[in-house]
$ cat target_29.json   # JSON, C-alpha atoms
[["chain", "number", "residue", "atom", "x", "y", "z"],
["A", 24, "ALA", "CA", 121.50, 96.89, 92.92],
["A", 25, "ALA", "CA", 118.98, 98.41, 90.51],
["A", 26, "SER", "CA", 120.45, 96.48, 87.57],
["A", 27, "THR", "CA", 120.28, 93.27, 89.62],
["A", 28, "LEU", "CA", 116.58, 93.84, 90.28],
["A", 29, "LYS", "CA", 116.02, 94.59, 86.59],
["A", 30, "THR", "CA", 117.66, 91.26, 85.68],
["A", 31, "LEU", "CA", 115.39, 89.44, 88.15],
["A", 32, "ARG", "CA", 112.31, 91.24, 86.84],
["A", 33, "ALA", "CA", 113.08, 90.03, 83.31],
["A", 34, "LYS", "CA", 112.93, 86.44, 84.55],
["A", 35, "ASP", "CA", 110.04, 86.65, 87.04],
["A", 36, "ALA", "CA", 108.18, 89.90, 87.68],
["A", 37, "ALA", "CA", 106.26, 88.60, 90.72],
["A", 38, "PHE", "CA", 109.47, 87.42, 92.41],
["A", 39, "ALA", "CA", 111.11, 90.78, 91.64],
["A", 40, "ASP", "CA", 108.11, 92.68, 93.00],
["A", 41, "ALA", "CA", 108.28, 90.68, 96.25],
["A", 42, "VAL", "CA", 111.94, 91.50, 96.80],
["A", 43, "ALA", "CA", 111.99, 95.05, 95.38],
["A", 44, "PRO", "CA", 111.93, 96.76, 98.81],
["A", 45, "LEU", "CA", 115.15, 94.94, 99.72],
["A", 46, "PHE", "CA", 116.82, 96.50, 96.68],
["A", 47, "ALA", "CA", 115.87, 100.08, 97.59],
["A", 48, "GLU", "CA", 118.68, 102.61, 97.62],
["A", 49, "GLY", "CA", 120.53, 102.20, 100.92],
["A", 50, "GLY", "CA", 118.58, 99.01, 101.63],
["A", 51, "VAL", "CA", 119.75, 95.64, 102.81],
["A", 52, "VAL", "CA", 121.08, 94.53, 99.40],
["A", 53, "ALA", "CA", 123.32, 97.60, 99.13],
["A", 54, "LYS", "CA", 124.49, 97.22, 102.73],
["A", 55, "ALA", "CA", 125.23, 93.51, 102.32],
["A", 56, "ALA", "CA", 127.08, 94.09, 99.04],
["A", 57, "ALA", "CA", 129.20, 96.77, 100.71],
["A", 58, "LEU", "CA", 130.09, 94.35, 103.50],
["A", 59, "GLY", "CA", 130.86, 91.62, 100.97],
["A", 60, "GLY", "CA", 133.48, 93.71, 99.25],
["A", 61, "SER", "CA", 135.14, 95.12, 102.35],
["A", 62, "ASP", "CA", 136.61, 92.10, 104.15],
["A", 63, "ASP", "CA", 140.41, 92.30, 104.18],
["A", 64, "ASP", "CA", 140.57, 88.80, 105.72],
["A", 65, "ALA", "CA", 138.41, 87.17, 103.05],
["A", 66, "VAL", "CA", 139.44, 83.76, 101.78],
["A", 67, "MET", "CA", 139.17, 85.13, 98.26],
["A", 68, "ALA", "CA", 138.90, 88.87, 97.75],
["A", 69, "SER", "CA", 136.38, 90.25, 95.27],
["A", 70, "ALA", "CA", 137.93, 91.64, 92.12],
["A", 71, "SER", "CA", 135.22, 94.28, 91.91],
["A", 72, "PRO", "CA", 132.38, 95.67, 94.01],
["A", 73, "GLN", "CA", 130.00, 94.14, 91.43],
["A", 74, "ASP", "CA", 131.11, 90.55, 92.24],
["A", 75, "PRO", "CA", 128.69, 89.99, 95.15],
["A", 76, "LEU", "CA", 125.80, 91.29, 93.04],
["A", 77, "ASP", "CA", 126.74, 89.02, 90.14],
["A", 78, "ALA", "CA", 126.77, 86.06, 92.55],
["A", 79, "LEU", "CA", 123.42, 87.23, 93.94],
["A", 80, "VAL", "CA", 121.87, 87.18, 90.46],
["A", 81, "ALA", "CA", 123.04, 83.60, 89.91],
["A", 82, "LEU", "CA", 121.71, 82.42, 93.28],
["A", 83, "LEU", "CA", 118.37, 84.18, 92.85],
["A", 84, "ASP", "CA", 118.06, 82.82, 89.32],
["A", 85, "ALA", "CA", 118.21, 79.35, 90.88],
["A", 86, "ALA", "CA", 115.68, 80.40, 93.55],
["A", 87, "ILE", "CA", 113.29, 81.61, 90.85],
["A", 88, "ASP", "CA", 113.62, 78.27, 89.07],
["A", 89, "GLU", "CA", 112.98, 76.43, 92.34],
["A", 90, "SER", "CA", 109.93, 78.54, 93.15],
["A", 91, "ALA", "CA", 108.49, 77.82, 89.69],
["A", 92, "GLU", "CA", 109.23, 74.10, 89.97],
["A", 93, "HIS", "CA", 107.57, 73.79, 93.38],
["A", 94, "GLY", "CA", 104.83, 76.38, 92.93],
["A", 95, "ALA", "CA", 106.24, 78.56, 95.73],
["A", 96, "THR", "CA", 104.59, 81.83, 94.76],
["A", 97, "ASP", "CA", 104.41, 83.24, 98.30],
["A", 98, "PRO", "CA", 106.36, 86.53, 98.51],
["A", 99, "THR", "CA", 107.84, 85.29, 101.80],
["A", 100, "PHE", "CA", 109.67, 82.55, 99.87],
["A", 101, "ALA", "CA", 111.20, 85.15, 97.55],
["A", 102, "ARG", "CA", 112.37, 87.37, 100.40],
["A", 103, "ARG", "CA", 113.76, 84.48, 102.46],
["A", 104, "ALA", "CA", 115.57, 83.19, 99.37],
["A", 105, "THR", "CA", 117.03, 86.66, 98.89],
["A", 106, "TYR", "CA", 118.29, 86.87, 102.47],
["A", 107, "ALA", "CA", 119.90, 83.42, 102.15],
["A", 108, "ALA", "CA", 121.40, 84.31, 98.76],
["A", 109, "LEU", "CA", 122.76, 87.56, 100.16],
["A", 110, "PHE", "CA", 124.50, 85.63, 102.93],
["A", 111, "TRP", "CA", 126.30, 83.40, 100.43],
["A", 112, "ALA", "CA", 126.87, 85.99, 97.70],
["A", 113, "CYS", "CA", 128.25, 88.61, 100.05],
["A", 114, "GLY", "CA", 129.76, 86.48, 102.78],
["A", 115, "GLY", "CA", 130.65, 83.14, 101.24],
["A", 116, "SER", "CA", 134.37, 83.82, 101.02],
["A", 117, "SER", "CA", 134.51, 86.20, 103.98],
["A", 118, "SER", "CA", 136.16, 85.67, 107.32],
["A", 119, "ASP", "CA", 134.10, 84.35, 110.23],
["A", 120, "ALA", "CA", 133.97, 87.83, 111.77],
["A", 121, "ALA", "CA", 132.70, 89.41, 108.55],
["A", 122, "ARG", "CA", 130.12, 86.64, 108.09],
["A", 123, "SER", "CA", 128.89, 87.23, 111.63],
["A", 124, "THR", "CA", 128.46, 90.95, 110.91],
["A", 125, "LEU", "CA", 126.61, 90.12, 107.70],
["A", 126, "ALA", "CA", 124.40, 87.58, 109.52],
["A", 127, "ASP", "CA", 123.49, 90.25, 112.09],
["A", 128, "LEU", "CA", 122.53, 92.67, 109.30],
["A", 129, "LEU", "CA", 120.43, 90.07, 107.48],
["A", 130, "THR", "CA", 118.79, 88.79, 110.66],
["A", 131, "THR", "CA", 117.73, 92.30, 111.62],
["A", 132, "ALA", "CA", 116.45, 92.99, 108.11],
["A", 133, "SER", "CA", 114.53, 89.71, 107.86],
["A", 134, "SER", "CA", 112.94, 90.29, 111.25],
["A", 135, "SER", "CA", 111.84, 93.77, 110.20],
["A", 136, "THR", "CA", 110.04, 92.40, 107.13],
["A", 137, "GLY", "CA", 108.53, 89.45, 109.00],
["A", 138, "ASP", "CA", 110.64, 86.99, 107.03],
["A", 139, "ALA", "CA", 113.00, 85.63, 109.67],
["A", 140, "PRO", "CA", 113.63, 81.93, 109.12],
["A", 141, "PRO", "CA", 111.40, 79.75, 111.28],
["A", 142, "HIS", "CA", 114.40, 77.70, 112.40],
["A", 143, "ARG", "CA", 117.77, 78.75, 113.83],
["A", 144, "MET", "CA", 115.96, 81.09, 116.23],
["A", 145, "GLY", "CA", 115.32, 83.44, 113.30],
["A", 146, "ARG", "CA", 119.00, 83.95, 112.49],
["A", 147, "VAL", "CA", 120.13, 84.19, 108.86],
["A", 148, "GLY", "CA", 123.51, 82.53, 108.37],
["A", 149, "LEU", "CA", 125.47, 79.39, 109.04],
["A", 150, "ASP", "CA", 124.49, 78.68, 112.63]]

$ encode --input "target_29.json" --output "C-alpha coordinates"
Amino acid sequence: AASTLKTLRAKDAAFADAVAPLFAEGGVVAKAAALGGSDDDAVMASASPQDPLDALVALLDAAIDESAEHGATDPTFARRATYAALFWACGGSSSDAARSTLADLLTTASSSTGDAPPHRMGRVGLD
(Lines of atoms letter the chains of each structure in order from A and count residues from 1; the text may use other names and numbers.)
(Lines give C-alpha, C1' and ligand atoms only; values in the text may rest on other atoms or scores of the structure.)
Protein backbone atom coordinates (compact mmCIF):
# COMPACT_ATOMS: atom_id res chain seq x y z
CA ALA A 1 0.00 0.00 0.00
CA ALA A 2 2.91 2.35 0.66
CA SER A 3 4.10 2.10 -2.94
CA THR A 4 0.55 2.83 -4.14
CA LEU A 5 0.46 6.01 -2.05
CA LYS A 6 3.89 7.00 -3.37
CA THR A 7 2.61 6.62 -6.94
CA LEU A 8 -0.40 8.83 -6.12
CA ARG A 9 1.82 11.42 -4.43
CA ALA A 10 3.92 11.72 -7.59
CA LYS A 11 0.80 12.69 -9.54
CA ASP A 12 -1.00 14.88 -6.96
CA ALA A 13 0.46 15.53 -3.51
CA ALA A 14 -2.70 17.15 -2.11
CA PHE A 15 -4.85 14.18 -3.16
CA ALA A 16 -2.29 11.78 -1.65
CA ASP A 17 -2.17 13.77 1.59
CA ALA A 18 -5.98 13.61 1.86
CA VAL A 19 -6.04 9.83 1.50
CA ALA A 20 -2.79 8.99 3.34
CA PRO A 21 -4.54 7.90 6.58
CA LEU A 22 -6.45 5.27 4.60
CA PHE A 23 -3.13 3.80 3.46
CA ALA A 24 -1.70 3.45 6.99
CA GLU A 25 -0.31 0.06 7.92
CA GLY A 26 -3.26 -2.16 8.82
CA GLY A 27 -5.67 0.48 7.52
CA VAL A 28 -8.65 0.17 5.25
CA VAL A 29 -6.60 -0.11 2.04
CA ALA A 30 -4.63 -3.07 3.40
CA LYS A 31 -7.79 -4.72 4.73
CA ALA A 32 -9.68 -4.23 1.46
CA ALA A 33 -6.74 -5.53 -0.60
CA ALA A 34 -6.56 -8.62 1.61
CA LEU A 35 -10.27 -9.25 1.05
CA GLY A 36 -9.87 -8.69 -2.68
CA GLY A 37 -7.32 -11.44 -3.00
CA SER A 38 -9.03 -14.00 -0.79
CA ASP A 39 -12.31 -14.81 -2.54
CA ASP A 40 -12.33 -18.43 -3.71
CA ASP A 41 -15.65 -17.83 -5.51
CA ALA A 42 -14.40 -14.82 -7.49
CA VAL A 43 -15.43 -14.53 -11.12
CA MET A 44 -11.77 -14.03 -11.98
CA ALA A 45 -9.14 -14.80 -9.37
CA SER A 46 -6.25 -12.38 -8.86
CA ALA A 47 -2.94 -13.67 -10.13
CA SER A 48 -1.13 -11.88 -7.32
CA PRO A 49 -1.91 -10.02 -4.10
CA GLN A 50 -0.68 -6.86 -5.87
CA ASP A 51 -3.48 -6.98 -8.49
CA PRO A 52 -6.09 -5.09 -6.42
CA LEU A 53 -3.54 -2.38 -5.62
CA ASP A 54 -2.58 -2.05 -9.29
CA ALA A 55 -6.27 -1.64 -10.16
CA LEU A 56 -6.60 0.89 -7.33
CA VAL A 57 -3.78 3.01 -8.78
CA ALA A 58 -5.50 3.08 -12.18
CA LEU A 59 -8.87 4.05 -10.70
CA LEU A 60 -7.38 6.73 -8.45
CA ASP A 61 -5.34 8.08 -11.35
CA ALA A 62 -8.65 8.68 -13.12
CA ALA A 63 -10.11 10.25 -9.95
CA ILE A 64 -7.15 12.63 -9.72
CA ASP A 65 -7.71 13.64 -13.34
CA GLU A 66 -11.41 14.18 -12.65
CA SER A 67 -10.72 16.26 -9.55
CA ALA A 68 -8.33 18.46 -11.53
CA GLU A 69 -10.78 18.83 -14.42
CA HIS A 70 -13.66 19.84 -12.15
CA GLY A 71 -11.68 21.72 -9.51
CA ALA A 72 -12.69 19.23 -6.79
CA THR A 73 -9.92 19.98 -4.31
CA ASP A 74 -11.92 19.07 -1.19
CA PRO A 75 -10.20 16.22 0.70
CA THR A 76 -13.62 14.60 1.11
CA PHE A 77 -13.75 14.06 -2.67
CA ALA A 78 -10.38 12.29 -2.56
CA ARG A 79 -11.40 10.00 0.29
CA ARG A 80 -14.81 9.17 -1.20
CA ALA A 81 -13.14 8.44 -4.54
CA THR A 82 -10.73 6.13 -2.73
CA TYR A 83 -13.53 4.22 -0.99
CA ALA A 84 -15.36 3.79 -4.32
CA ALA A 85 -12.15 2.76 -6.09
CA LEU A 86 -11.39 0.25 -3.34
CA PHE A 87 -14.81 -1.31 -3.84
CA TRP A 88 -14.18 -1.87 -7.54
CA ALA A 89 -10.46 -2.66 -7.35
CA CYS A 90 -10.84 -5.18 -4.54
CA GLY A 91 -14.34 -6.46 -5.13
CA GLY A 92 -15.11 -6.01 -8.80
CA SER A 93 -14.64 -9.66 -9.72
CA SER A 94 -15.61 -11.05 -6.32
CA SER A 95 -18.66 -13.06 -5.41
CA ASP A 96 -21.73 -11.28 -4.04
CA ALA A 97 -20.90 -12.48 -0.52
CA ALA A 98 -17.33 -11.16 -0.71
CA ARG A 99 -18.53 -7.84 -2.14
CA SER A 100 -21.00 -7.51 0.73
CA THR A 101 -18.21 -8.09 3.26
CA LEU A 102 -16.06 -5.51 1.47
CA ALA A 103 -18.96 -3.03 1.37
CA ASP A 104 -19.42 -3.45 5.14
CA LEU A 105 -15.72 -2.75 5.71
CA LEU A 106 -15.73 0.33 3.47
CA THR A 107 -19.00 1.66 4.88
CA THR A 108 -17.66 1.42 8.43
CA ALA A 109 -14.39 3.07 7.42
CA SER A 110 -16.08 5.89 5.48
CA SER A 111 -18.42 6.57 8.39
CA SER A 112 -15.48 6.76 10.79
CA THR A 113 -13.76 9.42 8.66
CA GLY A 114 -16.98 11.38 8.04
CA ASP A 115 -16.91 10.50 4.34
CA ALA A 116 -19.92 8.20 3.99
CA PRO A 117 -21.68 8.82 0.68
CA PRO A 118 -24.65 11.16 1.06
CA HIS A 119 -26.84 8.75 -0.90
CA ARG A 120 -27.47 5.01 -0.48
CA MET A 121 -27.97 5.56 3.25
CA GLY A 122 -24.20 6.01 3.58
CA ARG A 123 -23.35 2.56 2.21
CA VAL A 124 -20.32 2.10 -0.04
CA GLY A 125 -21.01 -0.47 -2.74
CA LEU A 126 -23.46 -1.49 -5.40
CA ASP A 127 -26.74 -1.03 -3.56

$ residues_around --input "target_29.json" --residues "region 56-58 of chain A" --least-positions-apart "6" --cutoff "9 Å" --atoms "only C-alpha atoms" --output "list in words"
Ala24, Pro72, Gln73, Asp74, Pro75, Leu76, Leu109, Ala112, Cys113, Gly114, Ala121, Arg122, Thr124 and Leu125 of chain A

$ atom_distance --input "target_29.json" --atom1 "CA of Asp35 (chain A)" --atom2 "CA of Gly49 (chain A)"
23.3 Å

$ atom_distance --input "target_29.json" --atom1 "CA of Pro44 (chain A)" --atom2 "CA of Ile87 (chain A)"
17.2 Å

$ residues_around --input "target_29.json" --residues "Ala108 (chain A)" --least-positions-apart "3" --cutoff "7 Å" --atoms "all atoms listed in the file" --output "count of residues only"
7

$ residues_around --input "target_29.json" --residues "Ala39 (chain A)" --least-positions-apart "3" --cutoff "10 Å" --atoms "all atoms listed in the file" --output "ChimeraX atom specification"
/A:27-36,42-46,83,87,98,101-102

$ write_last_selection --input "target_29.json" --atoms "C-alpha atoms" --output "PDB file, in the coordinates of the input"
ATOM      1  CA  THR A  27     120.280  93.270  89.620  1.00  0.00           C
ATOM      2  CA  LEU A  28     116.580  93.840  90.280  1.00  0.00           C
ATOM      3  CA  LYS A  29     116.020  94.590  86.590  1.00  0.00           C
ATOM      4  CA  THR A  30     117.660  91.260  85.680  1.00  0.00           C
ATOM      5  CA  LEU A  31     115.390  89.440  88.150  1.00  0.00           C
ATOM      6  CA  ARG A  32     112.310  91.240  86.840  1.00  0.00           C
ATOM      7  CA  ALA A  33     113.080  90.030  83.310  1.00  0.00           C
ATOM      8  CA  LYS A  34     112.930  86.440  84.550  1.00  0.00           C
ATOM      9  CA  ASP A  35     110.040  86.650  87.040  1.00  0.00           C
ATOM     10  CA  ALA A  36     108.180  89.900  87.680  1.00  0.00           C
ATOM     11  CA  VAL A  42     111.940  91.500  96.800  1.00  0.00           C
ATOM     12  CA  ALA A  43     111.990  95.050  95.380  1.00  0.00           C
ATOM     13  CA  PRO A  44     111.930  96.760  98.810  1.00  0.00           C
ATOM     14  CA  LEU A  45     115.150  94.940  99.720  1.00  0.00           C
ATOM     15  CA  PHE A  46     116.820  96.500  96.680  1.00  0.00           C
ATOM     16  CA  LEU A  83     118.370  84.180  92.850  1.00  0.00           C
ATOM     17  CA  ILE A  87     113.290  81.610  90.850  1.00  0.00           C
ATOM     18  CA  PRO A  98     106.360  86.530  98.510  1.00  0.00           C
ATOM     19  CA  ALA A 101     111.200  85.150  97.550  1.00  0.00           C
ATOM     20  CA  ARG A 102     112.370  87.370 100.400  1.00  0.00           C
TER      21      ARG A 102
END

$ closest_residue --input "target_29.json" --among "A:Glu48, A:Asp97, A:Ala139, A:Gly115" --to "Ser26 (chain A)" --atoms "only C-alpha atoms"
A:Glu48

$ atom_distance --input "target_29.json" --atom1 "CA of Ala95 (chain A)" --atom2 "CA of Val80 (chain A)"
18.6 Å
